[in-house]
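Text of upload_0.tsv, listed as TSV, C-alpha atoms:
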```tsv
chain	number	residue	atom	x	y	z
A	5	MET	CA	83.00	-5.84	82.02
A	6	SER	CA	80.39	-3.18	82.65
A	7	ALA	CA	80.26	-1.08	85.78
A	8	ALA	CA	76.99	-2.75	86.84
A	9	THR	CA	78.54	-6.23	86.53
A	10	ALA	CA	81.61	-5.20	88.50
A	11	HIS	CA	79.42	-3.65	91.19
A	12	THR	CA	77.40	-6.88	91.43
A	13	GLY	CA	80.50	-9.08	91.54
A	14	THR	CA	82.17	-7.20	94.39
A	15	PRO	CA	79.51	-7.95	97.06
A	16	ARG	CA	79.44	-11.55	95.88
A	17	ARG	CA	83.18	-11.91	96.30
A	18	ARG	CA	82.95	-10.32	99.72
A	19	THR	CA	80.20	-12.76	100.71
A	20	LEU	CA	82.23	-15.75	99.51
A	21	ALA	CA	85.32	-14.49	101.32
A	22	TYR	CA	83.29	-14.01	104.51
A	23	LEU	CA	81.86	-17.53	104.25
A	24	GLY	CA	85.31	-18.96	103.60
A	25	LEU	CA	86.79	-17.22	106.63
A	26	SER	CA	83.83	-18.33	108.75
A	27	VAL	CA	84.31	-21.98	107.73
A	28	LEU	CA	88.06	-21.72	108.36
A	29	GLY	CA	87.47	-20.16	111.79
A	30	ALA	CA	84.96	-22.89	112.67
A	31	CYS	CA	87.43	-25.61	111.68
A	32	ILE	CA	90.22	-24.04	113.75
A	33	GLY	CA	87.82	-23.71	116.70
A	34	LEU	CA	86.92	-27.40	116.43
A	35	LEU	CA	90.61	-28.34	116.43
A	36	PHE	CA	91.08	-26.44	119.70
A	37	LEU	CA	87.90	-28.00	121.15
A	38	LEU	CA	88.82	-31.56	120.16
A	39	PRO	CA	91.25	-32.31	123.05
A	40	LEU	CA	88.76	-31.00	125.60
A	41	TRP	CA	85.99	-33.13	124.07
A	42	TRP	CA	88.24	-36.21	124.04
A	43	THR	CA	89.03	-35.63	127.72
A	44	PHE	CA	85.33	-35.31	128.55
A	45	VAL	CA	84.43	-38.51	126.67
A	46	ASN	CA	87.18	-40.45	128.44
A	47	SER	CA	85.98	-39.15	131.80
A	48	LEU	CA	82.79	-41.13	131.07
A	49	ARG	CA	84.71	-44.37	130.43
A	50	PRO	CA	86.51	-46.82	132.70
A	51	GLY	CA	90.18	-45.94	133.02
A	52	GLY	CA	91.23	-49.09	131.18
A	53	ASP	CA	89.43	-48.00	128.01
A	54	THR	CA	91.13	-44.61	127.72
A	55	PHE	CA	93.59	-45.54	124.96
A	56	ARG	CA	91.69	-48.49	123.59
A	57	TYR	CA	90.21	-46.68	120.58
A	58	LEU	CA	93.15	-44.47	119.61
A	59	ASN	CA	94.76	-46.77	117.04
A	60	PRO	CA	93.16	-46.86	114.60
A	61	LEU	CA	90.92	-43.81	114.95
A	62	GLN	CA	87.21	-44.64	114.87
A	63	TRP	CA	83.94	-43.08	115.94
A	64	GLU	CA	84.34	-44.52	119.45
A	65	THR	CA	87.51	-42.47	119.83
A	66	PHE	CA	85.40	-39.35	120.34
A	67	PHE	CA	82.10	-40.89	121.45
A	68	THR	CA	81.05	-43.59	123.89
A	69	ALA	CA	77.99	-45.78	123.68
A	70	THR	CA	78.09	-46.74	127.38
A	71	PRO	CA	78.80	-43.60	129.42
A	72	THR	CA	79.28	-43.97	133.15
A	73	LEU	CA	79.57	-41.51	136.03
A	74	SER	CA	81.69	-43.83	138.16
A	75	ASN	CA	84.79	-41.66	137.67
A	76	TYR	CA	82.96	-38.60	138.98
A	77	ALA	CA	81.60	-40.66	141.88
A	78	ALA	CA	85.17	-41.67	142.73
A	79	LEU	CA	86.08	-37.99	143.05
A	80	LEU	CA	83.70	-37.75	146.03
A	81	HIS	CA	86.07	-39.97	148.00
A	82	SER	CA	89.14	-37.88	147.14
A	83	ASP	CA	90.49	-34.52	148.29
A	84	LEU	CA	89.44	-32.79	145.08
A	85	GLY	CA	86.17	-31.43	146.51
A	86	LEU	CA	87.85	-29.57	149.37
A	87	ALA	CA	90.70	-28.56	147.08
A	88	THR	CA	88.30	-27.09	144.54
A	89	LEU	CA	86.56	-25.11	147.29
A	90	ASN	CA	89.94	-23.84	148.49
A	91	SER	CA	90.83	-22.81	144.95
A	92	VAL	CA	87.56	-20.90	144.62
A	93	ILE	CA	88.13	-19.10	147.94
A	94	VAL	CA	91.76	-18.25	147.18
A	95	SER	CA	90.99	-17.10	143.64
A	96	ALA	CA	87.98	-15.00	144.67
A	97	ILE	CA	89.90	-13.18	147.42
A	98	THR	CA	92.81	-12.67	145.04
A	99	VAL	CA	90.53	-11.06	142.44
A	100	VAL	CA	88.80	-8.70	144.91
A	101	VAL	CA	91.88	-7.58	146.85
A	102	GLY	CA	94.19	-7.77	143.85
A	103	LEU	CA	91.92	-5.56	141.74
A	104	ALA	CA	91.88	-2.94	144.49
A	105	ILE	CA	95.68	-2.95	144.71
A	106	CYS	CA	96.38	-3.13	140.97
A	107	SER	CA	93.82	-0.47	140.03
A	108	MET	CA	95.20	1.99	142.58
A	109	ALA	CA	98.76	1.31	141.43
A	110	ALA	CA	97.76	1.75	137.78
A	111	PHE	CA	95.92	4.97	138.58
A	112	ALA	CA	98.98	6.38	140.36
A	113	LEU	CA	101.21	5.52	137.40
A	114	ALA	CA	98.77	6.91	134.84
A	115	ALA	CA	97.24	9.99	136.43
A	116	ILE	CA	99.35	11.23	139.35
A	117	PRO	CA	102.60	12.94	138.29
A	118	PHE	CA	105.52	12.07	140.58
A	119	ARG	CA	109.26	11.76	140.21
A	120	GLY	CA	110.41	8.29	139.26
A	121	SER	CA	107.08	7.08	137.85
A	122	GLY	CA	108.82	5.83	134.71
A	123	ALA	CA	111.29	3.77	136.75
A	124	VAL	CA	108.45	2.31	138.82
A	125	PHE	CA	106.59	1.33	135.65
A	126	ILE	CA	109.71	-0.39	134.30
A	127	VAL	CA	109.90	-2.42	137.51
A	128	VAL	CA	106.24	-3.38	137.08
A	129	VAL	CA	106.84	-4.53	133.50
A	130	VAL	CA	109.94	-6.52	134.47
A	131	SER	CA	107.99	-8.17	137.31
A	132	PHE	CA	105.67	-10.04	134.96
A	133	LEU	CA	108.44	-10.87	132.47
A	134	ILE	CA	110.31	-12.89	135.11
A	135	PRO	CA	108.81	-16.40	135.51
A	136	PHE	CA	107.30	-16.84	138.97
A	137	ASP	CA	108.89	-20.29	139.26
A	138	ALA	CA	112.31	-18.60	139.30
A	139	ILE	CA	111.56	-16.92	142.63
A	140	ALA	CA	109.11	-19.46	144.10
A	141	ILE	CA	111.61	-21.40	146.23
A	142	PRO	CA	113.31	-18.42	147.96
A	143	LEU	CA	109.88	-16.83	148.42
A	144	ALA	CA	108.59	-20.03	150.02
A	145	ASN	CA	111.54	-20.01	152.43
A	146	LEU	CA	110.71	-16.41	153.33
A	147	PHE	CA	107.04	-17.25	153.93
A	148	ARG	CA	108.10	-20.19	156.09
A	149	ASP	CA	110.14	-17.82	158.26
A	150	TRP	CA	107.05	-15.58	158.55
A	151	ASN	CA	104.88	-18.56	159.65
A	152	LEU	CA	102.70	-18.17	156.53
A	153	GLN	CA	103.11	-21.72	155.28
A	154	ASN	CA	99.85	-23.71	155.09
A	155	THR	CA	97.72	-20.58	155.50
A	156	TYR	CA	95.27	-18.92	153.15
A	157	ALA	CA	97.20	-15.67	153.49
A	158	GLY	CA	100.36	-17.42	152.31
A	159	LEU	CA	98.55	-18.80	149.26
A	160	ILE	CA	96.91	-15.49	148.36
A	161	LEU	CA	99.62	-12.86	148.93
A	162	PRO	CA	101.91	-13.64	145.93
A	163	GLY	CA	99.01	-13.26	143.49
A	164	LEU	CA	97.80	-9.84	144.61
A	165	GLY	CA	100.31	-7.54	142.92
A	166	ASN	CA	100.09	-8.75	139.33
A	167	GLY	CA	102.27	-6.77	136.92
A	168	MET	CA	100.21	-7.74	133.88
A	169	ALA	CA	97.00	-6.50	135.50
A	170	ILE	CA	98.67	-3.19	136.43
A	171	PHE	CA	99.98	-2.84	132.88
A	172	LEU	CA	96.54	-3.43	131.33
A	173	LEU	CA	94.80	-1.02	133.69
A	174	ARG	CA	97.43	1.69	133.27
A	175	THR	CA	97.11	1.46	129.47
A	176	PHE	CA	93.37	1.98	129.77
A	177	PHE	CA	93.68	4.80	132.31
A	178	LEU	CA	96.13	6.70	130.08
A	179	ALA	CA	93.46	6.98	127.38
A	180	ILE	CA	90.91	8.67	129.66
A	181	PRO	CA	90.80	12.37	128.72
A	182	LYS	CA	92.65	14.67	131.09
A	183	ASP	CA	89.78	17.14	130.76
A	184	LEU	CA	87.73	14.89	133.04
A	185	VAL	CA	90.46	15.00	135.65
A	186	GLU	CA	90.65	18.79	135.45
A	187	ALA	CA	86.85	19.05	135.72
A	188	GLY	CA	86.95	16.85	138.81
A	189	ARG	CA	89.64	18.99	140.40
A	190	LEU	CA	87.58	22.11	139.72
A	191	ASP	CA	84.63	20.43	141.48
A	192	GLY	CA	86.81	19.94	144.55
A	193	LEU	CA	87.62	16.25	144.13
A	194	GLY	CA	90.91	14.91	145.42
A	195	TRP	CA	92.87	12.13	143.77
A	196	TRP	CA	90.84	9.50	145.63
A	197	GLY	CA	87.57	11.08	144.49
A	198	ILE	CA	88.79	11.26	140.89
A	199	PHE	CA	89.82	7.63	141.03
A	200	ARG	CA	86.55	6.44	142.59
A	201	ARG	CA	84.07	8.67	140.72
A	202	ILE	CA	85.67	9.08	137.30
A	203	TYR	CA	88.22	6.39	136.52
A	204	LEU	CA	86.56	3.32	138.05
A	205	PRO	CA	83.08	3.82	136.46
A	206	LEU	CA	84.68	4.32	133.03
A	207	SER	CA	86.94	1.28	133.35
A	208	VAL	CA	84.56	-1.62	134.02
A	209	PRO	CA	85.62	-3.67	130.94
A	210	SER	CA	89.29	-3.15	131.76
A	211	LEU	CA	88.71	-4.10	135.41
A	212	ILE	CA	86.97	-7.30	134.34
A	213	GLY	CA	89.84	-8.14	132.00
A	214	ALA	CA	92.37	-7.55	134.79
A	215	GLY	CA	90.20	-9.59	137.17
A	216	LEU	CA	90.22	-12.53	134.77
A	217	THR	CA	94.01	-12.25	134.55
A	218	LEU	CA	94.27	-12.42	138.34
A	219	PHE	CA	91.79	-15.30	138.53
A	220	LEU	CA	93.50	-17.46	135.90
A	221	PHE	CA	96.94	-16.81	137.38
A	222	GLN	CA	95.77	-18.03	140.76
A	223	TRP	CA	93.51	-20.85	139.55
A	224	GLN	CA	96.13	-22.60	137.43
A	225	SER	CA	99.04	-22.00	139.79
A	226	TYR	CA	100.86	-25.23	140.62
A	227	MET	CA	104.37	-24.50	141.88
A	228	TRP	CA	103.38	-22.11	144.68
A	229	PRO	CA	100.58	-24.27	146.20
A	230	LEU	CA	102.94	-27.24	145.99
A	231	LEU	CA	105.52	-25.37	148.08
A	232	ASN	CA	103.27	-23.46	150.45
A	233	GLY	CA	100.05	-25.47	150.82
A	234	THR	CA	101.25	-28.89	151.86
A	235	ASP	CA	98.63	-29.95	154.41
A	236	SER	CA	95.27	-31.48	153.52
A	237	GLN	CA	93.27	-28.46	154.71
A	238	HIS	CA	94.95	-25.94	152.39
A	239	ILE	CA	95.52	-28.08	149.31
A	240	LEU	CA	94.41	-26.51	146.03
A	241	GLY	CA	92.83	-28.02	142.93
A	242	PRO	CA	95.90	-28.62	140.71
A	243	ILE	CA	97.75	-30.33	143.58
A	244	ALA	CA	94.77	-32.55	144.44
A	245	LEU	CA	94.45	-33.50	140.76
A	246	SER	CA	98.12	-34.48	140.68
A	247	ASN	CA	97.65	-36.55	143.83
A	248	LEU	CA	95.02	-38.67	142.07
A	249	GLN	CA	97.89	-40.38	140.30
A	250	GLY	CA	98.87	-43.52	142.17
A	251	GLN	CA	102.41	-44.65	142.84
A	252	PHE	CA	102.28	-47.68	140.56
A	253	ASN	CA	99.19	-47.14	138.41
A	254	VAL	CA	97.12	-44.28	137.04
A	255	ASP	CA	93.33	-44.33	136.70
A	256	TYR	CA	93.03	-42.04	133.69
A	257	GLY	CA	89.25	-42.01	133.88
A	258	VAL	CA	89.33	-40.41	137.34
A	259	MET	CA	92.15	-38.09	136.27
A	260	PHE	CA	90.15	-36.88	133.29
A	261	ALA	CA	87.04	-36.43	135.41
A	262	GLY	CA	89.00	-34.25	137.83
A	263	SER	CA	90.43	-32.28	134.90
A	264	ILE	CA	86.93	-31.60	133.60
A	265	VAL	CA	85.78	-30.38	137.03
A	266	LEU	CA	88.71	-27.97	137.29
A	267	THR	CA	88.17	-26.80	133.71
A	268	VAL	CA	84.42	-26.16	133.84
A	269	ILE	CA	84.63	-23.46	136.54
A	270	PRO	CA	87.09	-21.08	134.79
A	271	LEU	CA	85.51	-21.89	131.42
A	272	ALA	CA	82.07	-20.80	132.66
A	273	ILE	CA	83.53	-17.60	134.11
A	274	ILE	CA	85.43	-16.75	130.93
A	275	ILE	CA	82.39	-17.39	128.73
A	276	GLY	CA	80.22	-15.30	131.04
A	277	PHE	CA	82.59	-12.32	130.89
A	278	GLN	CA	83.83	-12.89	127.34
A	279	ARG	CA	82.19	-9.74	125.98
A	280	TYR	CA	83.82	-7.54	128.59
A	281	PHE	CA	87.19	-9.23	128.22
A	282	ILE	CA	87.24	-8.73	124.45
A	283	GLN	CA	86.23	-5.13	124.92
A	284	SER	CA	89.01	-4.58	127.45
A	285	VAL	CA	91.75	-5.81	125.08
A	286	SER	CA	90.33	-4.30	121.89
A	287	THR	CA	89.91	-0.75	123.21
A	288	THR	CA	92.38	1.51	124.94
A	289	GLY	CA	89.98	3.99	126.49
A	290	LEU	CA	87.37	6.54	125.51
A	291	LYS	CA	86.94	7.79	122.01
```
Could you rewrite the structure in this file as structure tokens?
Amino acid sequence: MSAATAHTGTPRRRTLAYLGLSVLGACIGLLFLLPLWWTFVNSLRPGGDTFRYLNPLQWETFFTATPTLSNYAALLHSDLGLATLNSVIVSAITVVVGLAICSMAAFALAAIPFRGSGAVFIVVVVSFLIPFDAIAIPLANLFRDWNLQNTYAGLILPGLGNGMAIFLLRTFFLAIPKDLVEAGRLDGLGWWGIFRRIYLPLSVPSLIGAGLTLFLFQWQSYMWPLLNGTDSQHILGPIALSNLQGQFNVDYGVMFAGSIVLTVIPLAIIIGFQRYFIQSVSTTGLK
């Protein structure tokens, strides 16, 4: 084979490999999307028709010729509307306050030298390795003694200090050149000024990634709202969705409609900030 033929064949093989990987990625993406699409289609059907077209599989399994919004209309007479609003409020406050706390903690662990910083970081890492459900019940008893049960503060406080968010931010902060810190100190900046004027502006993608971590942790939380938000005024989305299930029967159409409502909000946020989130996990700082 001549050099010219080999040179021509190499780009062709690369193109075919790229197309093959693209088709494979699209197929895998469709497999992940399929359950969500099936849930959406069944939210447009009466609850009695949910499992009607599963065996055997047919086109009506994933499509419906007579869509109806009755399941979504039924949600208007449930607690899901108020619960969704509560979830938005709790999650938004958690992201804002939690980012302030986690970013300052990460900055202290990454930039400020102090004795015992390594031990503190180990505690932070261990904190997000322990499942929250393991400490939820004793923590709920403690909050009950503090009169924080059925309050927004009681729902928000456990989600503020997120070890994973601190870990992600500290990893990013460690990659910021120390020369910038020294230049800031020469200009008369204190640690707060360095944090606010140097680290925060350079860390927007990492902050958004940590914010999404805080948001998803709070939005999908089930055990803690079940223990601490028991009255109708402080109920959150996952608990209200669970309450749609009756004692003797389950209207799957309404359940699926509620699931779609609670899925659309975080999905829209993740898609909107997808570029920043990918950048936050694919880079470790400045080059």
- Task: List the neighbours of range 140-151 of chain A out to 8 Å using all atoms listed in the file; skip same-chain residues closer than 3 positions along the sequence, and give me the result as a PyMOL selection string.
- Result: chain A and resi 136-137+158+227-228+231-232
Need to verify the contact set: Ile170 in chain A, 10 Å, only C-alpha atoms, exclusion of same-chain residues closer than 2 positions in sequence. Can you return it as a list in words? Gly102, Leu103, Ile105, Cys106, Ser107, Met108, Ala109, Ala110, Phe111, Leu113, Phe125, Val128, Val129, Phe132, Gly165, Asn166, Gly167, Met168, Leu172, Leu173, Arg174, Thr175, Phe176 and Ala214 of chain A
The residue from A:Ser82, A:Ser95, A:Thr65, A:Asn90 with the smallest atom-to-atom distance to Leu38 in chain A, counting only C-alpha atoms, is A:Thr65
Open item on the list: Residues near Ala244 in chain A, anyone? I mean within 12 Å using all atoms listed in the file, not counting same-chain ones fewer than 2 positions away, as a PyMOL selection string.
Closed with: chain A and resi 79+81-91+226+229-230+233-242+246-250+258-259+262-263+265-266
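Take the candidates A:Ile97, A:Ile264, A:Leu271, A:Ala30 and check each one against Gly215 in chain A using only C-alpha atoms; the shortest distance goes to A:Ile97.
Going from CA of Ile93 in chain A to CA of Trp196 in chain A covers 28.8 Å.
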Counting all atoms listed in the file, the residue among A:Leu28, A:Val94, A:Leu37, A:Ile134 that lies closest to Ala157 in chain A is A:Val94
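Take CA of Pro205 in chain A and CA of Ala104 in chain A: the distance between them is 13.7 Å.
Of the listed residues A:Ile32, A:Ser74, A:Val185, A:Ser131, the one whose atoms come nearest to Ala114 in chain A is A:Val185, with distances taken using only C-alpha atoms.
Computed from the coordinates, the CA of Trp41 in chain A to CA of Ile275 in chain A distance equals 16.8 Å.
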I'd like the contact shell of Trp195 in chain A - 8 Å cut-off, all atoms listed in the file, skipping same-chain residues fewer than 3 positions apart - returned as a ChimeraX atom specification. /A:116,198-199
Go ahead and fit an axis-aligned box to every listed atom of range 173-189 of chain A plus 5 Å each side, and pass me the centre and edge lengths in Å, one decimal, as AutoDock Vina command-line options.
```
--center_x 92.1 --center_y 9.0 --center_z 133.9 --size_x 20.6 --size_y 30.1 --size_z 23.0
```
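Minimum atom-to-atom distances from A:Phe67, A:Thr14, A:Val268, A:Leu80 to Thr54 in chain A were compared using all atoms listed in the file, and the lowest value belongs to A:Phe67.
Taking all atoms listed in the file into account, Phe221 in chain A lies nearest to A:Ala96 out of the set A:Ala96, A:Leu152, A:Leu58, A:Leu193.
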